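**Student:** target.txt is reproduced in full below (compact mmCIF, C-alpha atoms).
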```
# COMPACT_ATOMS: atom_id res chain seq x y z
CA MET Q 20 -45.65 13.76 10.20
CA SER Q 21 -45.22 11.61 7.12
CA THR Q 22 -45.86 8.13 5.91
CA ALA Q 23 -42.54 6.93 7.34
CA GLN Q 24 -43.04 3.44 8.71
CA SER Q 25 -40.32 0.98 9.52
CA ASP Q 26 -39.85 -1.68 6.88
CA THR Q 27 -39.80 -5.19 8.30
CA ARG Q 28 -38.38 -6.59 5.07
CA LEU Q 29 -35.06 -4.87 5.71
CA ALA Q 30 -32.40 -6.68 7.72
CA LEU Q 31 -31.90 -3.58 9.85
CA ALA Q 32 -34.20 -3.62 12.89
CA ALA Q 33 -37.11 -1.18 12.96
CA GLU Q 34 -35.69 0.73 15.94
CA ALA Q 35 -32.41 1.26 14.10
CA GLN Q 36 -34.23 2.42 10.94
CA ASP Q 37 -36.03 4.99 13.04
CA LEU Q 38 -32.91 6.09 14.93
CA LEU Q 39 -30.77 6.60 11.82
CA PHE Q 40 -33.22 7.50 9.07
CA ARG Q 41 -36.95 7.70 9.69
CA GLU Q 42 -37.29 9.65 12.93
CA ALA Q 43 -33.91 11.37 12.97
CA ARG Q 44 -34.04 14.99 11.85
CA THR Q 45 -31.62 17.83 11.25
CA ALA Q 46 -31.67 19.82 14.49
CA ASN Q 47 -31.62 23.60 14.62
CA THR Q 48 -31.84 23.96 18.41
CA PHE Q 49 -30.21 21.92 21.17
CA THR Q 50 -30.52 21.37 24.91
CA ASP Q 51 -27.51 22.39 27.00
CA GLU Q 52 -26.58 18.78 27.75
CA PRO Q 53 -22.87 18.49 26.90
CA VAL Q 54 -21.42 16.18 24.25
CA THR Q 55 -18.17 14.80 25.58
CA ASP Q 56 -15.00 13.89 23.71
CA GLU Q 57 -15.64 10.31 24.88
CA GLN Q 58 -19.01 10.33 23.10
CA PHE Q 59 -17.38 11.65 19.96
CA ARG Q 60 -14.72 8.96 20.16
CA GLU Q 61 -17.46 6.29 20.21
CA ILE Q 62 -18.92 7.83 17.05
CA TYR Q 63 -15.52 7.77 15.38
CA GLU Q 64 -14.79 4.20 16.41
CA LEU Q 65 -18.02 3.13 14.69
CA ALA Q 66 -18.11 5.30 11.56
CA LYS Q 67 -14.43 4.74 10.75
CA TYR Q 68 -15.22 1.26 9.43
CA ALA Q 69 -17.33 2.41 6.48
CA PRO Q 70 -15.44 2.17 3.19
CA THR Q 71 -13.48 4.69 1.13
CA SER Q 72 -11.73 4.22 -2.19
CA MET Q 73 -8.37 2.51 -1.57
CA ASN Q 74 -9.05 3.00 2.14
CA GLN Q 75 -8.02 6.63 1.74
CA GLN Q 76 -9.96 7.91 4.78
CA PRO Q 77 -9.33 11.59 3.96
CA LEU Q 78 -11.91 12.98 6.42
CA ARG Q 79 -10.49 15.05 9.27
CA ILE Q 80 -12.53 16.44 12.14
CA VAL Q 81 -11.93 19.51 14.27
CA LEU Q 82 -13.96 19.72 17.48
CA VAL Q 83 -14.45 23.39 18.25
CA ARG Q 84 -14.40 23.54 22.05
CA THR Q 85 -12.92 26.83 23.22
CA PRO Q 86 -15.04 30.00 23.24
CA GLU Q 87 -12.28 31.70 21.27
CA ALA Q 88 -12.32 29.11 18.47
CA ARG Q 89 -16.10 29.00 18.40
CA GLY Q 90 -16.23 32.76 18.13
CA ARG Q 91 -13.88 32.66 15.16
CA LEU Q 92 -15.91 29.93 13.48
CA VAL Q 93 -19.17 31.83 13.94
CA THR Q 94 -17.76 34.81 12.05
CA HIS Q 95 -17.50 32.60 8.93
CA MET Q 96 -21.04 31.22 9.10
CA LEU Q 97 -23.92 32.65 7.10
CA ASP Q 98 -26.20 34.76 9.30
CA ASN Q 99 -28.94 32.14 9.68
CA ASN Q 100 -26.35 29.60 10.87
CA LYS Q 101 -24.64 31.87 13.41
CA PRO Q 102 -26.93 31.55 16.47
CA LYS Q 103 -27.08 27.76 16.51
CA THR Q 104 -23.35 27.46 15.86
CA ALA Q 105 -22.70 29.86 18.73
CA THR Q 106 -24.71 27.78 21.20
CA ALA Q 107 -24.67 24.10 20.16
CA PRO Q 108 -23.19 21.73 22.78
CA LEU Q 109 -20.53 20.66 20.26
CA THR Q 110 -19.61 21.97 16.83
CA ALA Q 111 -17.29 20.09 14.49
CA ILE Q 112 -15.59 21.14 11.27
CA LEU Q 113 -15.49 18.23 8.81
CA ALA Q 114 -12.63 18.68 6.36
CA ALA Q 115 -10.68 16.84 3.68
CA ASP Q 116 -6.99 16.13 4.25
CA LEU Q 117 -5.29 17.14 1.00
CA ASN Q 118 -2.26 15.10 2.03
CA PHE Q 119 -4.13 11.92 2.91
CA HIS Q 120 -1.76 10.02 0.60
CA ASP Q 121 0.97 10.17 3.24
CA HIS Q 122 -0.96 7.49 5.14
CA LEU Q 123 -1.44 5.12 2.19
CA PRO Q 124 1.66 2.98 2.85
CA THR Q 125 0.11 2.17 6.24
CA VAL Q 126 -3.61 2.02 5.44
CA PHE Q 127 -3.35 0.41 1.98
CA PRO Q 128 -0.29 -1.79 2.42
CA HIS Q 129 -0.99 -4.27 -0.40
CA ALA Q 130 -0.33 -1.57 -3.02
CA PRO Q 131 3.06 -0.21 -1.99
CA ASP Q 132 3.08 2.39 -4.78
CA ALA Q 133 -0.44 3.72 -4.07
CA LYS Q 134 0.97 6.96 -2.70
CA ASP Q 135 2.50 7.71 -6.11
CA TYR Q 136 -0.91 7.72 -7.81
CA PHE Q 137 -1.62 10.90 -5.91
CA ALA Q 138 1.57 12.83 -6.61
CA ASP Q 139 -0.40 15.44 -8.60
CA PRO Q 140 -1.95 17.90 -6.09
CA GLU Q 141 -5.02 18.40 -8.26
CA VAL Q 142 -5.73 14.68 -8.55
CA ARG Q 143 -5.11 14.39 -4.82
CA ALA Q 144 -7.43 17.25 -3.87
CA HIS Q 145 -10.18 15.80 -6.04
CA SER Q 146 -9.90 12.39 -4.41
CA ALA Q 147 -9.64 13.90 -0.93
CA ARG Q 148 -12.88 15.84 -1.32
CA PHE Q 149 -14.65 12.98 -3.12
CA ASN Q 150 -14.02 10.39 -0.43
CA ALA Q 151 -14.29 12.79 2.52
CA LEU Q 152 -17.80 13.79 1.37
CA ILE Q 153 -18.85 10.14 1.28
CA GLN Q 154 -17.46 9.90 4.83
CA VAL Q 155 -19.53 12.95 5.82
CA GLY Q 156 -22.58 10.81 5.03
CA TYR Q 157 -21.28 8.04 7.27
CA PHE Q 158 -20.52 10.45 10.12
CA ILE Q 159 -23.91 12.12 10.07
CA LEU Q 160 -25.44 8.67 10.55
CA GLY Q 161 -22.74 7.88 13.14
CA ILE Q 162 -23.78 10.90 15.20
CA ARG Q 163 -27.36 9.61 15.12
CA ALA Q 164 -26.12 6.16 16.12
CA ALA Q 165 -24.93 7.76 19.36
CA GLY Q 166 -28.45 8.99 20.08
CA LEU Q 167 -27.55 12.55 19.20
CA ALA Q 168 -28.95 14.94 16.61
CA ALA Q 169 -26.76 16.35 13.86
CA GLY Q 170 -27.20 19.77 12.30
CA PRO Q 171 -24.95 19.72 9.21
CA MET Q 172 -24.43 23.03 7.39
CA ASN Q 173 -22.61 24.13 4.30
CA GLY Q 174 -23.76 27.71 4.60
CA PHE Q 175 -20.42 29.25 5.56
CA ASP Q 176 -17.39 30.87 3.97
CA ALA Q 177 -15.25 27.79 3.40
CA ALA Q 178 -12.26 29.78 2.15
CA GLY Q 179 -12.45 31.91 5.29
CA VAL Q 180 -12.60 28.87 7.56
CA ASP Q 181 -9.65 27.33 5.72
CA ARG Q 182 -7.52 30.48 6.04
CA ASP Q 183 -8.42 30.84 9.70
CA PHE Q 184 -8.29 27.23 10.92
CA PHE Q 185 -5.99 25.58 8.36
CA PRO Q 186 -3.39 28.21 7.51
CA ALA Q 187 -0.94 25.56 6.33
CA GLY Q 188 -3.29 24.85 3.42
CA ASP Q 189 -3.37 21.12 4.06
CA LEU Q 190 -7.09 20.81 4.90
CA ALA Q 191 -10.22 21.93 3.05
CA SER Q 192 -13.37 22.45 5.10
CA LEU Q 193 -16.51 20.76 3.73
CA VAL Q 194 -19.30 20.83 6.31
CA VAL Q 195 -19.78 22.32 9.78
CA VAL Q 196 -22.01 20.21 12.00
CA ASN Q 197 -23.69 21.05 15.28
CA ILE Q 198 -24.18 18.09 17.61
CA GLY Q 199 -26.33 17.57 20.67
CA LYS Q 200 -29.70 16.59 22.03
CA PRO Q 201 -32.50 18.36 20.16
CA GLY Q 202 -33.97 21.36 21.97
CA PRO Q 203 -37.39 23.04 21.74
CA ASP Q 204 -38.77 23.41 18.21
CA ALA Q 205 -35.62 21.75 16.94
CA TRP Q 206 -36.85 21.22 13.42
CA PHE Q 207 -39.23 22.29 10.71
CA PRO Q 208 -41.81 19.87 9.31
CA ARG Q 209 -40.00 17.37 7.09
CA SER Q 210 -39.77 18.51 3.49
CA PRO Q 211 -40.83 16.07 0.77
CA ARG Q 212 -38.49 13.47 -0.60
CA LEU Q 213 -38.29 12.66 -4.28
CA THR Q 214 -40.20 9.55 -5.29
CA TYR Q 215 -38.49 6.33 -6.27
CA ASP Q 216 -39.41 6.90 -9.88
CA GLN Q 217 -37.91 10.38 -9.89
CA VAL Q 218 -34.58 9.04 -8.69
CA VAL Q 219 -34.18 5.48 -9.96
CA THR Q 220 -34.20 4.35 -13.58
CA VAL Q 221 -33.56 0.89 -15.00
CA VAL Q 222 -31.64 0.25 -18.20
CA MET K 12 -9.92 -10.12 12.30
CA SER K 13 -9.68 -6.88 14.22
CA THR K 14 -10.54 -5.39 17.55
CA ALA K 15 -14.03 -4.44 16.30
CA GLN K 16 -16.48 -4.97 19.14
CA SER K 17 -19.91 -3.52 19.37
CA ASP K 18 -20.13 -0.52 21.65
CA THR K 19 -22.93 -0.77 24.20
CA ARG K 20 -22.65 2.94 25.00
CA LEU K 21 -24.06 3.85 21.58
CA ALA K 22 -27.83 4.15 21.15
CA LEU K 23 -27.65 1.96 18.04
CA ALA K 24 -28.08 -1.72 18.94
CA ALA K 25 -25.03 -3.97 18.69
CA GLU K 26 -26.55 -6.04 15.85
CA ALA K 27 -27.15 -2.89 13.82
CA GLN K 28 -23.60 -1.66 14.47
CA ASP K 29 -22.32 -4.95 13.12
CA LEU K 30 -24.67 -5.01 10.13
CA LEU K 31 -23.85 -1.49 8.98
CA PHE K 32 -20.29 -0.87 10.12
CA ARG K 33 -18.32 -3.45 12.04
CA GLU K 34 -18.91 -6.70 10.18
CA ALA K 35 -20.01 -5.29 6.82
CA ARG K 36 -17.30 -5.35 4.18
CA THR K 37 -16.80 -4.25 0.60
CA ALA K 38 -17.58 -7.35 -1.47
CA ASN K 39 -15.58 -8.35 -4.54
CA THR K 40 -17.48 -11.59 -5.29
CA PHE K 41 -21.18 -12.38 -5.06
CA THR K 42 -23.47 -15.39 -5.04
CA ASP K 43 -25.92 -15.64 -7.95
CA GLU K 44 -28.90 -14.84 -5.72
CA PRO K 45 -30.77 -12.03 -7.52
CA VAL K 46 -31.37 -8.55 -6.11
CA THR K 47 -34.85 -7.47 -7.12
CA ASP K 48 -36.15 -4.02 -7.95
CA GLU K 49 -38.42 -4.42 -4.90
CA GLN K 50 -35.37 -4.87 -2.68
CA PHE K 51 -33.79 -1.80 -4.18
CA ARG K 52 -36.97 0.17 -3.61
CA GLU K 53 -36.84 -0.73 0.11
CA ILE K 54 -33.28 0.61 0.23
CA TYR K 55 -34.37 3.84 -1.44
CA GLU K 56 -37.37 4.29 0.82
CA LEU K 57 -35.03 4.15 3.83
CA ALA K 58 -31.96 6.05 2.66
CA LYS K 59 -33.99 8.87 1.09
CA TYR K 60 -34.66 10.34 4.54
CA ALA K 61 -31.05 11.23 5.31
CA PRO K 62 -30.39 14.95 4.94
CA THR K 63 -28.96 17.05 2.12
CA SER K 64 -28.34 20.78 1.99
CA MET K 65 -31.64 22.55 1.31
CA ASN K 66 -33.14 19.10 0.71
CA GLN K 67 -31.50 19.11 -2.72
CA GLN K 68 -31.40 15.30 -3.08
CA PRO K 69 -29.29 15.40 -6.26
CA LEU K 70 -28.41 11.68 -6.26
CA ARG K 71 -29.78 9.70 -9.19
CA ILE K 72 -29.47 5.94 -9.55
CA VAL K 73 -29.37 3.82 -12.69
CA LEU K 74 -29.93 0.10 -12.19
CA VAL K 75 -28.05 -1.70 -14.95
CA ARG K 76 -30.23 -4.72 -15.71
CA THR K 77 -29.97 -5.65 -19.39
CA PRO K 78 -26.96 -7.60 -20.66
CA GLU K 79 -26.50 -4.93 -23.31
CA ALA K 80 -26.30 -2.08 -20.79
CA ARG K 81 -24.07 -4.09 -18.49
CA GLY K 82 -21.75 -4.87 -21.39
CA ARG K 83 -21.45 -1.18 -22.18
CA LEU K 84 -20.78 -0.30 -18.55
CA VAL K 85 -18.06 -2.94 -18.24
CA THR K 86 -16.13 -1.40 -21.14
CA HIS K 87 -15.70 1.77 -19.04
CA MET K 88 -14.47 0.02 -15.89
CA LEU K 89 -10.79 -0.34 -15.03
CA ASP K 90 -9.55 -3.86 -15.73
CA ASN K 91 -9.59 -5.02 -12.11
CA ASN K 92 -13.22 -3.93 -11.78
CA LYS K 93 -14.47 -5.56 -15.01
CA PRO K 94 -15.06 -9.17 -13.90
CA LYS K 95 -17.10 -8.36 -10.79
CA THR K 96 -19.10 -5.71 -12.62
CA ALA K 97 -19.84 -8.23 -15.37
CA THR K 98 -21.22 -10.80 -12.94
CA ALA K 99 -22.69 -9.05 -9.86
CA PRO K 100 -26.41 -9.71 -9.26
CA LEU K 101 -27.11 -5.99 -9.55
CA THR K 102 -24.94 -3.06 -10.59
CA ALA K 103 -25.99 0.55 -10.07
CA ILE K 104 -24.53 3.78 -11.38
CA LEU K 105 -24.76 6.52 -8.72
CA ALA K 106 -24.79 9.94 -10.37
CA ALA K 107 -25.40 13.60 -9.61
CA ASP K 108 -28.32 15.37 -11.29
CA LEU K 109 -26.87 18.64 -12.58
CA ASN K 110 -30.41 20.00 -12.89
CA PHE K 111 -31.57 19.04 -9.39
CA HIS K 112 -32.67 22.65 -8.89
CA ASP K 113 -35.76 22.03 -11.03
CA HIS K 114 -37.20 20.10 -8.07
CA LEU K 115 -36.50 22.77 -5.43
CA PRO K 116 -39.91 24.48 -5.64
CA THR K 117 -41.41 21.12 -4.63
CA VAL K 118 -38.83 19.75 -2.21
CA PHE K 119 -37.85 23.03 -0.53
CA PRO K 120 -41.13 24.91 -0.63
CA HIS K 121 -40.44 27.37 2.20
CA ALA K 122 -37.80 29.17 0.09
CA PRO K 123 -39.67 29.89 -3.14
CA ASP K 124 -36.61 31.48 -4.76
CA ALA K 125 -34.22 28.64 -3.89
CA LYS K 126 -34.05 27.54 -7.51
CA ASP K 127 -32.57 30.90 -8.47
CA TYR K 128 -29.54 30.37 -6.20
CA PHE K 129 -28.47 27.68 -8.64
CA ALA K 130 -28.87 29.55 -11.92
CA ASP K 131 -25.12 29.40 -12.52
CA PRO K 132 -24.30 25.95 -13.99
CA GLU K 133 -20.92 25.85 -12.24
CA VAL K 134 -22.40 26.59 -8.82
CA ARG K 135 -25.10 24.04 -9.54
CA ALA K 136 -22.70 21.29 -10.62
CA HIS K 137 -20.60 21.86 -7.52
CA SER K 138 -23.60 21.56 -5.23
CA ALA K 139 -24.95 18.55 -7.15
CA ARG K 140 -21.72 16.60 -6.74
CA PHE K 141 -21.22 17.76 -3.14
CA ASN K 142 -24.59 16.60 -1.88
CA ALA K 143 -24.82 13.52 -4.09
CA LEU K 144 -21.50 12.27 -2.67
CA ILE K 145 -22.85 12.63 0.88
CA GLN K 146 -25.87 10.63 -0.32
CA VAL K 147 -23.53 7.95 -1.70
CA GLY K 148 -22.43 7.41 1.89
CA TYR K 149 -26.06 7.04 3.01
CA PHE K 150 -26.84 4.60 0.19
CA ILE K 151 -23.87 2.36 0.85
CA LEU K 152 -25.14 1.97 4.41
CA GLY K 153 -28.70 1.58 3.06
CA ILE K 154 -27.62 -1.37 0.92
CA ARG K 155 -26.14 -2.94 4.04
CA ALA K 156 -29.38 -2.23 5.92
CA ALA K 157 -31.08 -4.55 3.43
CA GLY K 158 -28.73 -7.37 4.40
CA LEU K 159 -26.78 -7.02 1.16
CA ALA K 160 -23.13 -6.33 0.49
CA ALA K 161 -22.03 -3.28 -1.48
CA GLY K 162 -18.98 -3.11 -3.69
CA PRO K 163 -18.55 0.60 -4.47
CA MET K 164 -15.96 1.52 -7.11
CA ASN K 165 -14.63 4.73 -8.55
CA GLY K 166 -12.14 2.98 -10.80
CA PHE K 167 -13.85 3.68 -14.12
CA ASP K 168 -13.83 6.22 -16.94
CA ALA K 169 -16.48 8.61 -15.63
CA ALA K 170 -16.42 10.77 -18.76
CA GLY K 171 -16.96 7.64 -20.85
CA VAL K 172 -19.88 6.50 -18.69
CA ASP K 173 -21.41 9.96 -18.90
CA ARG K 174 -21.13 10.12 -22.72
CA ASP K 175 -22.53 6.61 -23.05
CA PHE K 176 -25.33 6.61 -20.44
CA PHE K 177 -26.09 10.32 -20.05
CA PRO K 178 -25.71 11.79 -23.55
CA ALA K 179 -27.94 14.76 -22.66
CA GLY K 180 -25.22 15.94 -20.27
CA ASP K 181 -27.60 16.30 -17.35
CA LEU K 182 -26.06 13.64 -15.06
CA ALA K 183 -22.51 13.11 -13.82
CA SER K 184 -21.53 9.60 -12.72
CA LEU K 185 -19.81 9.37 -9.34
CA VAL K 186 -19.61 5.76 -8.18
CA VAL K 187 -20.52 2.37 -9.64
CA VAL K 188 -21.65 -0.11 -7.01
CA ASN K 189 -22.10 -3.86 -7.22
CA ILE K 190 -24.80 -5.25 -4.94
CA GLY K 191 -25.59 -8.78 -3.78
CA LYS K 192 -24.92 -11.48 -1.23
CA PRO K 193 -21.19 -11.96 -0.72
CA GLY K 194 -19.70 -14.95 -2.55
CA PRO K 195 -16.62 -17.07 -1.84
CA ASP K 196 -13.55 -15.13 -0.76
CA ALA K 197 -15.59 -11.94 -1.09
CA TRP K 198 -13.08 -9.70 0.63
CA PHE K 199 -9.49 -9.13 1.58
CA PRO K 200 -8.50 -8.82 5.24
CA ARG K 201 -9.66 -5.45 6.52
CA SER K 202 -7.05 -2.75 6.07
CA PRO K 203 -6.17 -0.57 9.05
CA ARG K 204 -8.22 2.46 9.98
CA LEU K 205 -6.63 5.70 11.08
CA THR K 206 -6.62 6.22 14.83
CA TYR K 207 -8.87 8.73 16.55
CA ASP K 208 -5.88 10.96 17.23
CA GLN K 209 -4.86 10.94 13.57
CA VAL K 210 -8.30 12.16 12.51
CA VAL K 211 -9.74 14.28 15.32
CA THR K 212 -8.26 17.42 16.82
CA VAL K 213 -9.71 19.76 19.42
CA VAL K 214 -9.37 23.54 19.31
```
For the structure just supplied, provide its representation as structure tokens.
**Tutor:**
Amino acid sequence: MSTAQSDTRLALAAEAQDLLFREARTANTFTDEPVTDEQFREIYELAKYAPTSMNQQPLRIVLVRTPEARGRLVTHMLDNNKPKTATAPLTAILAADLNFHDHLPTVFPHAPDAKDYFADPEVRAHSARFNALIQVGYFILGIRAAGLAAGPMNGFDAAGVDRDFFPAGDLASLVVVNIGKPGPDAWFPRSPRLTYDQVVTVV
Amino acid sequence: MSTAQSDTRLALAAEAQDLLFREARTANTFTDEPVTDEQFREIYELAKYAPTSMNQQPLRIVLVRTPEARGRLVTHMLDNNKPKTATAPLTAILAADLNFHDHLPTVFPHAPDAKDYFADPEVRAHSARFNALIQVGYFILGIRAAGLAAGPMNGFDAAGVDRDFFPAGDLASLVVVNIGKPGPDAWFPRSPRLTYDQVVTVV
């Protein structure tokens, strides 16, 4: 497949490197084994600990369970994302809470005026999306930590999803992710990664 | 400290849960033990495998090594972030490459026209920031995978950093992260996380 080999110089054990990074792949097909709410709760109770700026935690997650809701979601997906979103064991909408600041007095108690920094809706929306996207990274790895494959997608009509699922205008959808055990021919060969020298510079 | 206990129902081993999520904390002080370029390369060679949309990989990383460069970076940090940024063993600027699309013919070879989807600079900048922020999440966990503590910050003048470090206008700074072994009193008590029911809904 590639030259991926676990790195024994890292503190993270080889098996965990493989589970989260080296052998994990974006899945495009899934078995019909269900993913339960209890499994998703375990993922949340792990990934929630990873940091956000001022502990903002703006990520919100909608588990799309009913056939009716799934049908609505599928209408907003790009064509190549429709079949897998229609059939995955679990599909989640990952979204940013544009009113995350309401929780700051509780989640960031040592700065009692933190909520006021986000009085401007534009500043607030920027911070909500910024930190929620970082949390998307954590949650994709959290799904893998549960032994499941993630199939994250941003090929969908986000404005349509927001109108349909978040009519109050308080949430902004970012990524839709299919979750389950990988099925037959679940992935393409891995595409190349940029080299260290293409990504990292030293000044 | 908290009720954090490793979850034996997850596929990820308890030690790895602790290393990456449950016991890891955002560090505000560091020992003077150096972080080498070789260590950073190991982090890159792990975290690079986590997925981005169309394998865009827009994250770019600047390791700030010289006293001159560090001095310039510190001038752009908010006051409370200056001392730790001045003294951390390694400080990195995580940025989005606004011209990531130049690599698409190589990194996403099965869609030869993928580069053309990003001809519009506004569309391209949006996608660059979107995917690079998800990669920021992967890299924060990658730093932890190396047994190091991360101190990510977005309290800085991003426009000032961009003018100073990226005068060609091709990169947009997102997060500055201090990296090293945690020093004395490296962190505050952990602030509360939102509950599962505050974050996850089912439809």
**Student:** At a cut-off of 8 Å, using all atoms listed in the file, what residues contact Pro70 of chain Q? Leave out same-chain residues fewer than 3 positions from it and give the result as a list of chain:residue names.
**Tutor:**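 In the requested form, the answer reads Q:Asn74, K:Arg36, K:Thr37.
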**Student:** As an exercise, work out the distance from atom CA of Pro116 of chain K to atom CA of His95 of chain Q in Å and give it to one decimal place.
**Tutor:**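 Going from atom CA of Pro116 of chain K over to atom CA of His95 of chain Q, I get 27.9 Å.
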**Student:** Select all residues near (-18.6, -1.7, 3.2) (cut-off 10 Å, inclusive, file coordinates), counting only C-alpha atoms, and output them as a list of chain:residue names.
**Tutor:**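 Those residues, ordered by chain and then number, are Q:Tyr68, Q:Ala69, Q:Pro70, Q:Thr71, K:Leu30, K:Leu31, K:Phe32, K:Arg33, K:Glu34, K:Ala35, K:Arg36, K:Thr37, K:Ala38, K:Gly148, K:Ile151, K:Leu152, K:Ile154, K:Arg155, K:Leu159, K:Ala160, K:Ala161, K:Gly162, K:Pro163.
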**Student:** Quick one, how far is atom CA of Gln217 of chain Q from atom CA of Arg52 of chain K?
**Tutor:**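 Between these atoms lies a distance of 12.0 Å.
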**Student:** Find the residues in chain K near chain Q: any atom within 6 Å counts, using all atoms listed in the file. Write them as a list in words.
**Tutor:** Leu21, Ala22, Leu23, Phe32, Tyr60, Ala61, Arg71, Ile72, Val73, Leu74, Val75, Arg76, Val118, Leu144, Ile145, Val147, Gly148, Tyr149, Ala156, Ala157, Gly158, Ser202, Pro203, Val210, Val211, Thr212, Val213 and Val214 of chain K
**Student:** For Thr40 of chain K, which residue among K:Asn110, K:Asn91, K:Ser184, K:Thr98 is the nearest when counting all atoms listed in the file?
**Tutor:** K:Thr98
**Student:** When you draw a straight line from atom CA of Asp196 of chain K to atom CA of Leu84 of chain K, how long is it in Å?
**Tutor:** 24.3 Å
**Student:** Counting all atoms listed in the file, which of Q:Pro186, Q:Thr110, Q:Thr94, Q:Pro102 gets nearest to Ile198 of chain Q?
**Tutor:**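 When distances to Ile198 of chain Q are compared using all atoms listed in the file, the smallest one comes from Q:Thr110.
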**Student:** Excluding Leu109 of chain K and residues on its chain fewer than 3 positions from it, collect all residues at most 6 Å away from it, counting all atoms listed in the file, and give them as a list in words.
**Tutor:** Ala136, Ala139, Asp181 and Leu182 of chain K
